[in-house]
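Trainee: Coordinates in data29.cif, mmCIF, C-alpha atoms, are listed below.
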```cif
data_coords
loop_
_atom_site.label_atom_id
_atom_site.label_comp_id
_atom_site.auth_asym_id
_atom_site.auth_seq_id
_atom_site.Cartn_x
_atom_site.Cartn_y
_atom_site.Cartn_z
CA MET A 16 -53.75 14.31 -43.43
CA LYS A 17 -52.91 11.31 -45.56
CA THR A 18 -49.62 9.49 -45.42
CA ASN A 19 -47.94 7.19 -47.92
CA PHE A 20 -46.37 5.09 -45.18
CA LYS A 21 -49.00 2.46 -44.40
CA LYS A 22 -46.98 0.06 -42.23
CA HIS A 23 -47.74 0.15 -38.53
CA LEU A 24 -44.93 0.52 -36.04
CA HIS A 25 -43.30 -2.77 -35.14
CA GLU A 26 -41.94 -3.61 -31.68
CA ASP A 27 -38.45 -2.20 -32.26
CA GLN A 28 -39.84 1.08 -33.59
CA LEU A 29 -42.20 1.31 -30.64
CA ILE A 30 -39.26 0.88 -28.24
CA GLN A 31 -37.28 3.38 -30.26
CA ALA A 32 -40.18 5.83 -29.96
CA MET A 33 -40.07 5.32 -26.21
CA VAL A 34 -36.33 5.97 -26.02
CA ASP A 35 -36.17 8.90 -28.40
CA VAL A 36 -39.04 9.53 -30.76
CA SER A 37 -37.06 12.08 -32.77
CA ALA A 38 -34.62 9.36 -33.83
CA LEU A 39 -37.31 7.57 -35.85
CA PRO A 40 -37.26 7.98 -39.65
CA SER A 41 -39.45 10.82 -40.89
CA GLU A 42 -41.99 8.53 -42.63
CA VAL A 43 -42.44 6.51 -39.42
CA LEU A 44 -42.90 9.71 -37.47
CA GLU A 45 -45.44 10.84 -40.01
CA HIS A 46 -47.31 7.55 -39.67
CA LEU A 47 -47.20 7.76 -35.89
CA ALA A 48 -48.73 11.20 -36.01
CA THR A 49 -51.66 10.02 -38.09
CA CYS A 50 -52.28 6.39 -37.15
CA PRO A 51 -54.61 6.13 -34.11
CA GLY A 52 -53.65 2.47 -33.52
CA CYS A 53 -49.92 3.17 -33.34
CA LYS A 54 -50.56 6.30 -31.27
CA GLU A 55 -52.56 4.24 -28.81
CA LYS A 56 -49.87 1.54 -28.64
CA LYS A 57 -47.27 4.17 -27.88
CA ARG A 58 -49.47 5.86 -25.29
CA ALA A 59 -50.18 2.51 -23.58
CA PHE A 60 -46.46 1.74 -23.46
CA GLU A 61 -45.74 5.15 -21.95
CA GLN A 62 -48.52 4.59 -19.45
CA GLU A 63 -46.99 1.24 -18.46
CA MET A 64 -43.64 2.82 -17.80
CA GLU A 65 -45.24 5.64 -15.81
CA THR A 66 -47.16 3.08 -13.80
CA LEU A 67 -43.93 1.20 -13.14
CA GLY A 68 -42.39 4.38 -11.75
CA SER A 69 -45.37 5.28 -9.61
CA MET A 70 -45.70 1.70 -8.31
CA ALA A 71 -42.02 1.71 -7.39
CA HIS A 72 -42.51 4.98 -5.52
CA GLY A 73 -45.63 3.64 -3.83
CA PHE A 74 -43.86 0.51 -2.62
CA MET A 75 -40.93 2.39 -1.14
CA PRO A 76 -40.72 3.55 2.44
CA SER A 77 -40.36 7.21 3.26
CA PRO A 78 -37.19 8.33 4.97
CA ARG A 79 -37.59 8.50 8.73
CA ARG A 80 -34.39 10.34 9.47
CA ARG A 81 -33.81 13.94 8.54
CA VAL A 82 -30.72 15.02 6.74
CA ARG A 83 -28.31 16.78 9.09
CA ILE A 84 -25.86 19.13 7.50
CA PRO A 85 -23.00 20.07 9.82
CA GLU A 86 -22.70 23.68 10.89
CA THR A 87 -20.42 25.73 8.71
CA LYS A 88 -17.09 26.41 10.38
CA LYS A 89 -16.63 30.00 11.38
CA PRO A 90 -13.59 31.58 9.79
CA GLY A 91 -10.55 31.46 12.07
CA PHE A 92 -8.04 34.17 12.73
CA GLY A 93 -5.35 35.21 10.27
CA TRP A 94 -2.68 32.63 9.68
CA PHE A 95 -4.34 29.95 11.78
CA SER A 96 -7.49 29.64 9.68
CA GLY A 97 -8.50 27.59 6.64
CA TYR A 98 -5.83 27.28 4.01
CA HIS A 99 -3.24 29.01 6.19
CA SER A 100 -3.69 26.52 9.02
CA TRP A 101 -2.45 23.79 6.65
CA ARG A 102 0.51 25.91 5.71
CA MET A 103 1.32 26.56 9.34
CA ALA A 104 1.02 22.87 10.18
CA SER A 105 3.30 21.94 7.26
CA ALA A 106 5.85 24.55 8.32
CA ALA A 107 5.79 23.25 11.89
CA CYS A 108 6.32 19.69 10.64
CA ALA A 109 9.22 20.78 8.45
CA LEU A 110 10.78 22.62 11.40
CA LEU A 111 10.46 19.54 13.59
CA VAL A 112 12.15 17.40 10.94
CA VAL A 113 15.00 19.92 10.63
CA LEU A 114 15.42 20.05 14.41
CA PHE A 115 15.43 16.27 14.65
CA LEU A 116 18.06 15.92 11.93
CA GLY A 117 20.08 18.78 13.41
CA TRP A 118 20.05 17.16 16.82
CA ASN A 119 21.34 13.90 15.33
CA VAL A 120 24.03 15.59 13.26
CA PHE A 121 25.42 17.98 15.88
CA PHE A 122 24.91 16.04 19.08
CA LYS A 123 25.10 12.40 18.06
CA ILE A 124 26.99 11.93 14.81
CA LEU A 125 29.60 14.69 15.10
CA PRO A 126 30.96 13.79 18.58
CA GLU A 127 31.66 10.28 17.34
CA ARG A 128 33.54 11.65 14.38
CA ARG A 129 35.35 14.14 16.61
CA LEU A 130 36.46 11.34 18.99
CA ALA A 131 37.72 9.30 16.08
CA GLY A 132 39.71 12.32 14.87
CA LEU A 133 41.19 12.89 18.32
CA GLU A 134 42.31 9.26 18.56
CA GLU A 135 44.07 9.55 15.21
CA GLU A 136 45.74 12.76 16.35
CA ILE A 137 46.95 11.17 19.63
CA GLN A 138 48.33 8.24 17.65
CA ARG A 139 50.18 10.59 15.28
CA ASP A 140 51.52 12.57 18.25
CA GLY A 141 52.73 9.36 19.84
CA GLN A 142 54.57 8.34 16.69
CA PHE A 143 56.09 11.79 16.42
CA MET A 144 57.28 11.70 20.04
CA ALA A 145 58.77 8.23 19.46
CA GLU A 146 60.71 9.59 16.48
CA ILE A 147 61.95 12.53 18.57
CA ASN A 148 63.05 10.17 21.39
CA ASP A 149 64.76 7.99 18.86
CA LEU A 150 66.63 10.99 17.50
CA VAL A 151 67.62 12.02 21.03
CA GLU A 152 69.04 8.57 21.64
CA ASN A 153 70.62 8.20 18.22
CA PRO A 154 71.07 11.58 16.59
CA LEU A 155 73.28 10.21 13.79
CA PRO A 156 71.84 8.64 10.71
CA ALA A 157 72.08 4.82 10.56
CA ALA A 158 74.93 4.90 7.98
CA ASP A 159 77.17 6.98 10.25
CA ARG A 160 76.53 4.98 13.39
CA ALA A 161 79.00 2.18 12.49
CA ILE A 162 81.80 4.75 12.14
CA SER A 163 81.02 6.47 15.39
CA GLY A 164 80.56 3.20 17.26
CA GLU A 165 77.08 4.22 18.24
CA ASP A 166 75.79 0.86 17.02
CA TYR A 167 76.26 -0.45 20.50
CA ALA A 168 74.37 2.40 21.97
CA ARG A 169 71.25 0.33 22.13
CA VAL A 170 72.95 -2.40 24.31
CA ASP A 171 71.74 -2.18 27.86
CA ASP A 172 74.42 -0.87 30.29
CA ASN A 173 73.45 -3.27 33.06
CA LEU A 174 73.91 -6.23 30.75
CA LEU A 175 77.28 -4.89 29.66
CA ASP A 176 78.36 -4.49 33.31
CA PHE A 177 77.31 -8.02 34.03
CA ILE A 178 79.30 -9.43 31.10
CA ILE A 179 82.32 -7.16 31.54
CA PRO A 180 82.53 -5.87 35.14
CA GLN A 181 84.20 -2.54 35.66
CA VAL A 182 87.76 -3.02 36.99
CA GLU A 183 88.21 0.39 38.64
CA GLU A 184 85.21 -0.05 40.79
CA SER A 185 86.33 -3.44 42.22
CA GLU A 186 89.90 -2.13 42.97
CA ASN A 187 88.84 1.05 44.71
CA SER A 188 86.10 -0.44 46.72
CA PRO A 189 86.85 -0.48 50.50
CA SER A 190 87.82 -3.77 51.97
CA PRO A 191 85.25 -5.35 54.27
CA ALA A 192 87.94 -6.17 56.72
CA MET B 30 -28.83 21.46 12.32
CA GLN B 31 -31.89 19.44 11.53
CA LEU B 32 -33.86 19.82 8.39
CA ASN B 33 -37.54 19.18 8.28
CA ARG B 34 -38.97 17.84 5.10
CA GLY B 35 -41.91 20.15 5.28
CA LYS B 36 -44.57 19.50 2.67
CA ALA B 37 -44.65 23.17 1.84
CA HIS B 38 -41.06 23.00 0.61
CA VAL B 39 -41.50 20.00 -1.60
CA ALA B 40 -41.94 21.17 -5.15
CA ASP B 41 -43.52 18.08 -6.66
CA GLU B 42 -43.00 14.35 -7.08
CA ASN B 43 -40.21 14.87 -9.53
CA PRO B 44 -38.34 18.08 -8.89
CA GLY B 45 -36.39 18.96 -11.96
CA THR B 46 -34.08 21.91 -12.20
CA ASP B 47 -36.83 24.45 -12.58
CA SER B 48 -36.30 28.19 -12.30
CA ARG B 49 -37.00 28.24 -8.54
CA ASN B 50 -34.47 25.49 -7.92
CA THR B 51 -31.96 27.32 -10.10
CA VAL B 52 -32.30 30.36 -7.87
CA PHE B 53 -31.65 28.22 -4.79
CA VAL B 54 -28.72 26.53 -6.50
CA ARG B 55 -27.20 29.85 -7.52
CA ARG B 56 -27.49 31.15 -3.97
CA ALA B 57 -26.17 27.90 -2.48
CA VAL B 58 -23.14 27.99 -4.79
CA LYS B 59 -22.34 31.42 -3.35
CA GLY B 60 -22.42 29.94 0.14
CA ASP B 61 -26.01 30.63 1.19
CA ARG B 62 -26.74 27.97 3.79
CA ALA B 63 -30.51 28.59 3.83
CA ALA B 64 -30.69 28.06 0.06
CA PHE B 65 -28.86 24.75 0.42
CA ASP B 66 -31.31 23.73 3.14
CA GLN B 67 -34.13 24.43 0.68
CA LEU B 68 -32.45 22.21 -1.90
CA VAL B 69 -32.10 19.46 0.70
CA SER B 70 -35.79 19.64 1.49
CA ILE B 71 -36.67 19.49 -2.22
CA PHE B 72 -34.32 16.64 -3.16
CA HIS B 73 -34.28 14.64 0.08
CA GLU B 74 -37.02 12.21 -0.85
CA PRO B 75 -36.05 11.71 -4.53
CA ILE B 76 -32.46 10.97 -3.53
CA PHE B 77 -33.59 8.65 -0.75
CA ARG B 78 -35.78 6.79 -3.25
CA MET B 79 -32.97 6.63 -5.77
CA VAL B 80 -30.71 5.05 -3.15
CA TYR B 81 -33.41 2.77 -1.77
CA VAL B 82 -34.09 1.18 -5.18
CA ARG B 83 -30.39 0.35 -5.42
CA THR B 84 -29.84 -0.86 -1.85
CA ARG B 85 -33.29 -2.15 -0.88
CA SER B 86 -32.54 -1.18 2.67
CA ARG B 87 -34.14 1.77 4.43
CA VAL B 88 -31.32 2.15 6.95
CA ASP B 89 -28.60 2.06 4.31
CA ALA B 90 -30.61 4.42 2.11
CA GLU B 91 -30.94 6.90 4.98
CA ASP B 92 -27.23 6.73 5.79
CA LEU B 93 -26.22 7.13 2.17
CA THR B 94 -28.66 10.00 1.60
CA GLN B 95 -27.10 11.80 4.55
CA ASP B 96 -23.60 11.22 3.10
CA ILE B 97 -24.68 12.38 -0.35
CA PHE B 98 -26.02 15.69 0.93
CA ILE B 99 -22.96 16.30 3.09
CA GLN B 100 -20.74 15.66 0.09
CA ALA B 101 -22.91 17.96 -2.03
CA PHE B 102 -22.75 20.62 0.66
CA LYS B 103 -18.96 20.43 0.78
CA SER B 104 -18.50 20.69 -2.96
CA ILE B 105 -21.39 22.86 -4.14
CA GLY B 106 -19.06 25.86 -4.23
CA ARG B 107 -17.27 24.21 -7.16
CA LEU B 108 -20.45 23.70 -9.22
CA ARG B 109 -20.08 25.84 -12.33
CA GLU B 110 -23.28 25.15 -14.27
CA VAL B 111 -26.20 25.72 -11.96
CA ASP B 112 -28.75 24.27 -14.41
CA ARG B 113 -26.98 20.94 -14.08
CA PHE B 114 -27.47 20.71 -10.33
CA ARG B 115 -29.87 17.77 -10.54
CA SER B 116 -27.59 15.60 -12.66
CA TRP B 117 -24.64 16.69 -10.52
CA LEU B 118 -26.48 15.59 -7.36
CA TYR B 119 -27.48 12.28 -8.95
CA SER B 120 -23.92 11.67 -10.08
CA ILE B 121 -22.77 12.08 -6.46
CA ALA B 122 -25.52 9.68 -5.41
CA ALA B 123 -24.65 7.14 -8.12
CA ASN B 124 -20.97 7.19 -7.12
CA ARG B 125 -21.81 6.88 -3.46
CA VAL B 126 -24.08 3.90 -4.10
CA ARG B 127 -21.38 2.27 -6.24
CA ASP B 128 -18.87 2.71 -3.40
CA PHE B 129 -21.35 1.24 -0.97
CA HIS B 130 -21.82 -1.89 -3.10
CA ARG B 131 -18.07 -2.27 -3.58
CA LYS B 132 -17.44 -2.10 0.16
CA LYS B 133 -20.30 -4.43 0.86
CA ARG B 134 -19.00 -6.99 -1.66
CA LEU B 135 -15.53 -6.79 -0.17
CA ARG B 136 -16.87 -7.11 3.36
CA SER B 137 -19.08 -10.07 2.51
CA PHE B 138 -16.17 -11.76 0.71
CA PHE B 139 -13.98 -11.60 3.82
CA MET B 140 -16.82 -12.52 6.14
CA ILE B 141 -17.74 -15.54 4.05
CA SER B 142 -14.17 -16.66 3.72
CA SER B 143 -13.72 -16.46 7.50
CA GLY B 144 -17.00 -18.29 8.01
CA GLU B 145 -18.61 -15.45 9.98
CA GLU B 146 -22.16 -14.31 9.74
CA ILE B 147 -22.79 -10.73 8.66
CA PRO B 148 -25.33 -9.06 10.88
CA GLY B 149 -28.03 -7.56 8.71
CA ALA B 150 -26.32 -8.77 5.57
CA ASP B 151 -29.67 -9.23 3.88
CA SER B 152 -30.12 -5.90 2.23
CA ASN B 153 -33.72 -6.66 1.52
CA ASP B 154 -34.86 -5.45 4.92
CA ALA B 155 -38.56 -5.36 4.28
CA TYR B 156 -40.43 -2.70 6.11
CA ASP B 157 -43.84 -3.69 7.34
CA ASP B 158 -46.82 -1.98 5.94
CA PRO B 159 -49.91 -1.85 8.14
CA GLU B 160 -51.96 -3.19 5.21
CA PRO B 161 -51.21 -6.90 4.63
CA LEU B 162 -52.46 -6.76 1.03
CA LYS B 163 -50.11 -3.93 0.24
CA ASN B 164 -47.29 -5.93 1.79
CA VAL B 165 -48.01 -8.84 -0.53
CA MET B 166 -48.26 -6.54 -3.54
CA ARG B 167 -45.03 -4.81 -2.59
CA LYS B 168 -43.16 -8.09 -2.31
CA ASP B 169 -44.64 -9.26 -5.59
CA PHE B 170 -43.67 -6.04 -7.34
CA TRP B 171 -40.07 -5.95 -6.10
CA GLY B 172 -39.73 -9.66 -6.80
CA HIS B 173 -40.79 -9.20 -10.43
CA LEU B 174 -38.67 -6.07 -10.87
CA GLY B 175 -35.69 -7.91 -9.33
CA GLY B 176 -36.26 -10.66 -11.91
CA VAL B 177 -36.15 -8.12 -14.73
CA PHE B 178 -33.09 -6.39 -13.29
CA GLY B 179 -31.35 -9.76 -13.07
CA LYS B 180 -31.47 -9.98 -16.86
CA LEU B 181 -30.05 -6.50 -17.48
CA SER B 182 -26.42 -5.50 -17.52
CA ARG B 183 -25.23 -3.05 -14.86
CA LEU B 184 -25.44 -0.06 -17.18
CA GLU B 185 -28.77 -1.12 -18.68
CA LYS B 186 -30.21 -1.45 -15.19
CA GLU B 187 -28.81 1.93 -14.15
CA VAL B 188 -30.11 3.73 -17.22
CA PHE B 189 -33.52 2.05 -16.99
CA THR B 190 -33.89 2.89 -13.30
CA MET B 191 -32.78 6.47 -13.79
CA ARG B 192 -35.20 6.97 -16.67
CA PHE B 193 -38.35 5.31 -15.38
CA ILE B 194 -38.02 5.26 -11.58
CA ASP B 195 -35.86 8.31 -10.85
CA GLN B 196 -37.47 10.02 -13.87
CA LEU B 197 -34.40 11.77 -15.16
CA THR B 198 -34.14 13.02 -18.71
CA LEU B 199 -31.73 11.40 -21.16
CA ARG B 200 -29.39 14.39 -20.86
CA GLU B 201 -29.45 14.18 -17.05
CA ILE B 202 -28.74 10.43 -17.15
CA ALA B 203 -25.82 10.97 -19.51
CA GLU B 204 -24.40 13.70 -17.27
CA SER B 205 -24.93 11.71 -14.07
CA LEU B 206 -23.20 8.63 -15.44
CA GLY B 207 -20.55 10.54 -17.36
CA LYS B 208 -21.56 8.81 -20.61
CA GLY B 209 -22.59 10.06 -24.00
CA GLU B 210 -26.28 10.53 -24.72
CA SER B 211 -26.13 8.01 -27.57
CA THR B 212 -24.66 5.39 -25.20
CA VAL B 213 -27.50 6.04 -22.79
CA LYS B 214 -30.05 5.64 -25.59
CA THR B 215 -28.50 2.37 -26.72
CA HIS B 216 -28.57 0.92 -23.21
CA LEU B 217 -32.09 2.14 -22.60
CA TYR B 218 -33.24 0.56 -25.86
CA ARG B 219 -31.69 -2.79 -24.91
CA ALA B 220 -33.15 -2.60 -21.40
CA LEU B 221 -36.63 -1.84 -22.74
CA LYS B 222 -36.38 -4.70 -25.22
CA LYS B 223 -35.59 -7.12 -22.41
CA PHE B 224 -38.25 -5.55 -20.20
CA ARG B 225 -40.93 -6.08 -22.87
CA LYS B 226 -40.18 -9.80 -22.87
CA GLU B 227 -40.92 -10.08 -19.15
CA LYS B 228 -44.58 -10.98 -19.03
CA GLY B 229 -44.78 -11.05 -15.23
CA ILE B 230 -43.92 -7.43 -14.65
CA LEU B 231 -45.89 -6.32 -17.71
CA LYS B 232 -48.96 -8.05 -16.34
CA LEU B 233 -48.41 -6.38 -13.00
CA VAL B 234 -47.92 -2.94 -14.50
CA GLY B 235 -50.70 -3.41 -17.07
CA GLY B 236 -53.07 -4.68 -14.37
CA GLU B 237 -52.51 -1.51 -12.42
CA ILE B 238 -53.81 0.55 -15.32
CA GLN B 239 -57.18 -1.13 -15.53
#
```
Will you turn the file into structure tokens for me?

Mentor:
Amino acid sequence: MKTNFKKHLHEDQLIQAMVDVSALPSEVLEHLATCPGCKEKKRAFEQEMETLGSMAHGFMPSPRRRVRIPETKKPGFGWFSGYHSWRMASAACALLVVLFLGWNVFFKILPERRLAGLEEEIQRDGQFMAEINDLVENPLPAADRAISGEDYARVDDNLLDFIIPQVEESENSPSPA
Amino acid sequence: MQLNRGKAHVADENPGTDSRNTVFVRRAVKGDRAAFDQLVSIFHEPIFRMVYVRTRSRVDAEDLTQDIFIQAFKSIGRLREVDRFRSWLYSIAANRVRDFHRKKRLRSFFMISSGEEIPGADSNDAYDDPEPLKNVMRKDFWGHLGGVFGKLSRLEKEVFTMRFIDQLTLREIAESLGKGESTVKTHLYRALKKFRKEKGILKLVGGEIQ
């Protein structure tokens, strides 16, 4: 078979033939098929690369250790096996978190709030009782007290006795003699 | 469970995803442990070699190979295309090796900064061959190949190694690296161009032919 393409393969084409011979232009491929020189160059190149591979293999050690594949896990039972075991573990974790939070809310945080509420209530009760006592002492409104003379109601009786002693008491008292 | 790499189980030097492997893969995907064991025995050595080239340490290569197969075992149930098992396995291996190098870099950075010595930090833990001449040749070969690899980019090196040492096809390389086939071709072309300029390794490889 004669070919019109007379040029021999250059270095780049030879490398290209090594990478992927089908990527060469058709006329180059045609030449390669017919030219003994180019064929030989390509074959020698391929031989070199094969030799490289076999030399690399020859200069490598063989593995001493065997590959150990772990035994396959036997399937577990129902909900505690494989995928379900993860679900169960997640559910248990979630439950623990809920219990922990619940404990804090009901047994630690709430009592404090309850105590604070009780204190407020006691304080309010105290104020209320003070108002009641005040009303017991002074039942009239402040405006009417001046008319009724109850303004002096707050003055201590002992002090009043000291300033103005009671006359009847001193006259009726038995004489020491 | 221990797996023997019995010679009878080893398909050939370069086990591709042939029809027999596909049967094993299909069965392993369905949870057949014995079929997976067969796949381990077929791919144990190629994966070990793949890792060894990238770590240059037998111990690390053995550890990583173990990890790779365990990872494959755990996730084989999710493999949809059984004919892509080989590239799938190599992609696990490539990722695992990448992680290993990342961790190693990080570890060495902290060790160096704290002025500590790393025990066994030299990854090039040469194994001794009983034949002294072979030892010399081995050192010479890896030295030259290291020189070539030093001139390649990370992806060029990866593609070159996968093609000519791991002997994967272009499609398998593309799938393993998660790249397009044209990207793989471009990087392989560049790597080969640089490789052809390295007279040392060419002399070594050419000398072997004669």

Trainee: Could you list the residues chosen by the PyMOL selection byres ((chain A) within 9 of (chain B)) in this structure as a ChimeraX atom specification?

Mentor: /A:26-27,30-31,33-35,59,62-87

Trainee: In Å, how far is it from CA of Val54 (chain B) to CA of Ser120 (chain B)?

Mentor: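 The value is 16.0 Å.
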
Trainee: From the options A:Leu174, A:Cys108, A:Val151, A:Leu24, which residue's atoms come nearest to Lys56 (chain A), counting only C-alpha atoms?

Mentor: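 Once distances to Lys56 (chain A) are computed over only C-alpha atoms, the minimum belongs to A:Leu24.
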
Trainee: Please report the interatomic distance between CA of Lys186 (chain B) and CA of Glu110 (chain B) in Å with one decimal.

Mentor: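 Straight-line distance from CA of Lys186 (chain B) to CA of Glu110 (chain B) works out to 27.5 Å.
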
Trainee: What does the structure give for the distance between CA of Ala63 (chain B) and CA of Thr51 (chain B), in Å to one decimal?

Mentor: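 One can read the CA of Ala63 (chain B) to CA of Thr51 (chain B) distance as 14.1 Å.
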
Trainee: Applying 10 Å and only C-alpha atoms, which residues near Cys50 (chain A) remain after dropping the ones on its own chain fewer than 2 positions away? List them as an MDAnalysis selection string.

Mentor: chainID A and resid 17:18 21:24 44:48 52:55

Trainee: Report as a list of chain:residue names the residues that result from applying the PyMOL selection byres ((chain B and resi 124) around 12) to the structure here.

Mentor: B:Val80, B:Arg83, B:Leu93, B:Thr94, B:Asp96, B:Ile97, B:Gln100, B:Trp117, B:Leu118, B:Tyr119, B:Ser120, B:Ile121, B:Ala122, B:Ala123, B:Arg125, B:Val126, B:Arg127, B:Asp128, B:Phe129, B:His130, B:Arg131, B:Glu187, B:Ser205, B:Leu206, B:Gly207

Trainee: From the list B:Leu68, B:Val58, B:Ile202, B:Leu108, which residue is nearest Leu184 (chain B) when using all atoms listed in the file?

Mentor: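 Nearest candidate to Leu184 (chain B) out of B:Leu68, B:Val58, B:Ile202, B:Leu108: B:Ile202.
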